Amino acid sequence: MGHVPNPFPELLPSSVSLVSECLLPWTKSSATQVIKVYSEDNTSRAVEVPSDITARDICQLFILKNHCIDDHSWTLFEQIPHMSIERTIEDHESVMEVQSGWGMDSHCCLYFRKNYAKYEFFKKPLDFFPEHMVSISSETNGIMNHSQLIQTFLSSSSCPEIHGFLHAKEHGRKSWKKFYFVLRRSGLYFSNKGTSKEPRHLQFIAEFSDSDVYTLLSGKKVYGAPTDYGFCVKVIQCRDFQPLSVFRLQSVLTFCTDFIISLTVILNYTGLQQSRSVDIQTSESRSISENSLVAMDFSGHKTRVIENPSEALSVAVEEGLSWRRKSCHRLSSHGSPSTSQSSMSSIAIHVAQPWFHSKLSRDEAQKLITQQGLIDGVFLVRDSQSNPRTFVLSLCHTQKIKHFQIVPVEENGELFYSLDDGHTRFTDLLQLVEFYQLNRGVLPCKLKHHCARITL
């Protein structure tokens with residue numbers, strides 16, 4: 001895209017970029033400010049924007065400037081490096097208001113990167129409300145479907161009560177303790193007597209109408225947390241970390257749990273619900289049911305839908321074999337390369353792919369996928385640490401990250417790669433990834449969203 005001429009050159013220094021108002025639906029404003037935003041590769045870019053610009057506007061701006069595909073997953077993050085925490089800035093939030101609380105000597109920064117779980121709360125709300133953790137309002141008679149649950153959570157008269165255990169750090173102590181917590185519309189409470197929810201046993205911890213919830217990036221390392229997932233609460237008004245009740249760590253209200261990713265979203269949404277309304281039509285309309293994707297047979301004169309699961313799997317395997325034969329033919333037409341030549345060609349192909357992360361450890365892979373959204377199909381491919389000749393596919397399914405070994409298979413002097421002990425073989429990792437993007441095969445779900453390289 002060519003350079004957009006600035007109609008008011010006297011207002012803009014040459015070192016700062018500006019996008020014409022005709023490209024973005026911003027409210028006309030005479031006041032502008034310069035902000036600095038970091039991208040996934042940790043490079044930064046300064047842009048001059050209206051003072052009333054929202055996080056969604058910033059995302060649209062960078063999608064245009066970076067020529068990105070707008071798949072509704074691009075997100076603006078607020079990161080506080082010295083505390084190793086970050087949060088998703090909601091679409092409607094004013095970016096200038098967020099920055100106003102940083103302080104002159106602050107190292108806080110804005111990041112523009114993908115979060116595939118950005119609207120997952122609206123697409124699959126039931127995933128965020130396990131039955132054993134939810135007490136439904138009596139108004140619903142205990143029966144709820146997808147739509148009713150959303151409407152109940154939006155209603156001013158009723159709200160699901162979420163309860164369960166959290167690890168918390170008591171003030172003045174190094175150890176973490178496990179308490180029973182209850183999340184209600186009025187705020188977060190903990191029970192000082194087991195799992196009792198009687199009013200006399202519940203102690204108020206925090207309200208979320210005037211607070212933001214941050215995710216801990218290195219809970220174990222920085223805070224000594226017993227699990228990998230944690231969050232802390234920050235009051236918006238005073239822009240300082242909330243020293244409430246007995247749970248404090250350096251003036252941070254800090255918790256961790258095994259289901260923290262889901263709970264963090266719920267806490268943020270609870271605060272949003274308490275203080276302001278939200279339009280969910282856009283996010284709901286973006287939800288595409290996987291049931292709408294079907295297996296098709298194009299081999300005959302007419303196309304047909306393959307309804308038999310066994311036949312669909314058989315066709316998928318045959319398609320993989322067909323790809324292998326075509327690739328072998330392509331290679332043989334160039335002089336039938338040796339195994340080593342074929343291997344070098346494969347390496348050259350996958351190293352340049354955005355989903356390949358080379359020497360990434362298992363823990364780093366899990367952290368990277370977690371940062372970019374725990375939804376089905378988020379994946380990356382990396383070198384195996386235990387076997388230098390193999391690779392590993394790290395894939396998210398049902399909010400859990402699973403690791404599958406990709407093993408090399410030699411046949412007639414040629415090298416192939418396989419996820420299923422050689423039953424389905426591919427000449428390179430690119431073919432393997434492309435195949436499983438279209439076919440689930442032995443995986444729990446298809447490969448949908450690759451993890452971009454970001455600084456951990």
# chains A, B, ... in the order shown; residues from 1 in each chain; ligands from 1
call {"tool": "closest_atom_pairs", "arguments": {"of": "segment 344-376 of chain A", "to": "segment 114-127 of chain A", "cutoff": "12 Å", "atoms": "only C-alpha atoms", "output": "CSV"}}
result
residue,atom,partner,partner_atom,distance
A:Leu368,CA,A:Asn115,CA,10.9
A:Ile369,CA,A:Asn115,CA,9.6
A:Thr370,CA,A:Asn115,CA,9.3
A:Gln371,CA,A:Asn115,CA,7.3
A:Gln372,CA,A:Asn115,CA,4.5
A:Gly373,CA,A:Ala117,CA,4.5
A:Leu374,CA,A:Ala117,CA,6.2
A:Ile375,CA,A:Ala117,CA,5.9
A:Asp376,CA,A:Ala117,CA,9.4
call {"tool": "atom_distance", "arguments": {"atom1": "atom CA of Leu166 of chain A", "atom2": "atom CA of Tyr214 of chain A"}}
result
15.6 Å
call {"tool": "residues_around", "arguments": {"residues": "Glu97 of chain A", "least_positions_apart": "2", "cutoff": "10 Å", "atoms": "only C-alpha atoms", "output": "list in words"}}
result
Ser51, Asp52, Ile53, Thr54, Glu93, Ser94, Val95, Gln99, Ser100, Gly101, Trp102 and Ile236 of chain A
call {"tool": "closest_residue", "arguments": {"among": "A:Phe204, A:Phe426, A:Phe255, A:Phe404", "to": "Val182 of chain A", "atoms": "only C-alpha atoms"}}
result
A:Phe204
call {"tool": "residues_around", "arguments": {"residues": "Lys446 of chain A", "least_positions_apart": "3", "cutoff": "8 Å", "atoms": "only C-alpha atoms", "output": "list in words"}}
result
Gly377, Tyr436, Gln437, Leu438, Asn439, Arg440 and Leu443 of chain A
call {"tool": "write_last_selection", "arguments": {"atoms": "all heavy atoms", "output": "short mmCIF file (atom, residue, chain, number, x, y, z; two decimals), in the first residue's frame"}}
result
data_model
loop_
_atom_site.label_atom_id
_atom_site.label_comp_id
_atom_site.auth_asym_id
_atom_site.auth_seq_id
_atom_site.Cartn_x
_atom_site.Cartn_y
_atom_site.Cartn_z
N GLY A 377 -7.11 -26.03 18.29
CA GLY A 377 -6.44 -25.87 17.01
C GLY A 377 -5.26 -24.94 16.99
O GLY A 377 -4.59 -24.80 15.96
N TYR A 436 -2.92 -31.85 7.98
CA TYR A 436 -3.69 -31.85 9.23
C TYR A 436 -4.44 -30.54 9.46
O TYR A 436 -5.24 -30.45 10.39
CB TYR A 436 -2.78 -32.18 10.41
CG TYR A 436 -2.39 -33.64 10.43
CD1 TYR A 436 -1.10 -34.05 10.07
CD2 TYR A 436 -3.32 -34.63 10.77
CE1 TYR A 436 -0.75 -35.39 10.06
CE2 TYR A 436 -2.98 -35.97 10.77
CZ TYR A 436 -1.70 -36.35 10.41
OH TYR A 436 -1.36 -37.68 10.40
N GLN A 437 -4.20 -29.56 8.61
CA GLN A 437 -5.05 -28.37 8.63
C GLN A 437 -6.40 -28.66 7.97
O GLN A 437 -7.40 -28.01 8.26
CB GLN A 437 -4.37 -27.20 7.93
CG GLN A 437 -3.25 -26.56 8.76
CD GLN A 437 -2.51 -25.47 8.03
OE1 GLN A 437 -2.30 -25.56 6.81
NE2 GLN A 437 -2.11 -24.42 8.74
N LEU A 438 -6.39 -29.65 7.07
CA LEU A 438 -7.62 -30.03 6.38
C LEU A 438 -8.28 -31.28 6.96
O LEU A 438 -9.48 -31.48 6.83
CB LEU A 438 -7.32 -30.29 4.89
CG LEU A 438 -6.78 -29.11 4.09
CD1 LEU A 438 -6.37 -29.56 2.69
CD2 LEU A 438 -7.82 -28.01 4.00
N ASN A 439 -7.46 -32.14 7.58
CA ASN A 439 -7.96 -33.41 8.09
C ASN A 439 -7.51 -33.61 9.54
O ASN A 439 -6.34 -33.40 9.86
CB ASN A 439 -7.43 -34.57 7.25
CG ASN A 439 -7.64 -34.35 5.77
OD1 ASN A 439 -8.70 -34.60 5.24
ND2 ASN A 439 -6.60 -33.86 5.09
N ARG A 440 -8.40 -34.05 10.39
CA ARG A 440 -8.04 -34.29 11.79
C ARG A 440 -7.13 -35.50 11.93
O ARG A 440 -6.17 -35.48 12.70
CB ARG A 440 -9.30 -34.48 12.63
CG ARG A 440 -9.04 -34.48 14.12
CD ARG A 440 -10.31 -34.73 14.90
NE ARG A 440 -10.71 -36.13 14.83
CZ ARG A 440 -11.72 -36.65 15.50
NH1 ARG A 440 -12.46 -35.86 16.26
NH2 ARG A 440 -12.01 -37.92 15.41
N LEU A 443 -5.21 -36.76 15.19
CA LEU A 443 -5.19 -35.66 16.16
C LEU A 443 -6.57 -35.44 16.76
O LEU A 443 -7.59 -35.80 16.14
CB LEU A 443 -4.70 -34.37 15.48
CG LEU A 443 -3.29 -34.39 14.91
CD1 LEU A 443 -3.00 -33.08 14.18
CD2 LEU A 443 -2.27 -34.63 16.01
#
call {"tool": "closest_residue", "arguments": {"among": "A:His82, A:Arg87, A:Arg173, A:Arg382", "to": "Val351 of chain A", "atoms": "only C-alpha atoms"}}
result
A:Arg382
call {"tool": "residues_around", "arguments": {"residues": "Phe179 of chain A", "least_positions_apart": "4", "cutoff": "9 Å", "atoms": "only C-alpha atoms", "output": "VMD selection string"}}
result
chain A and resid 164 to 168 190 to 192 194 to 195
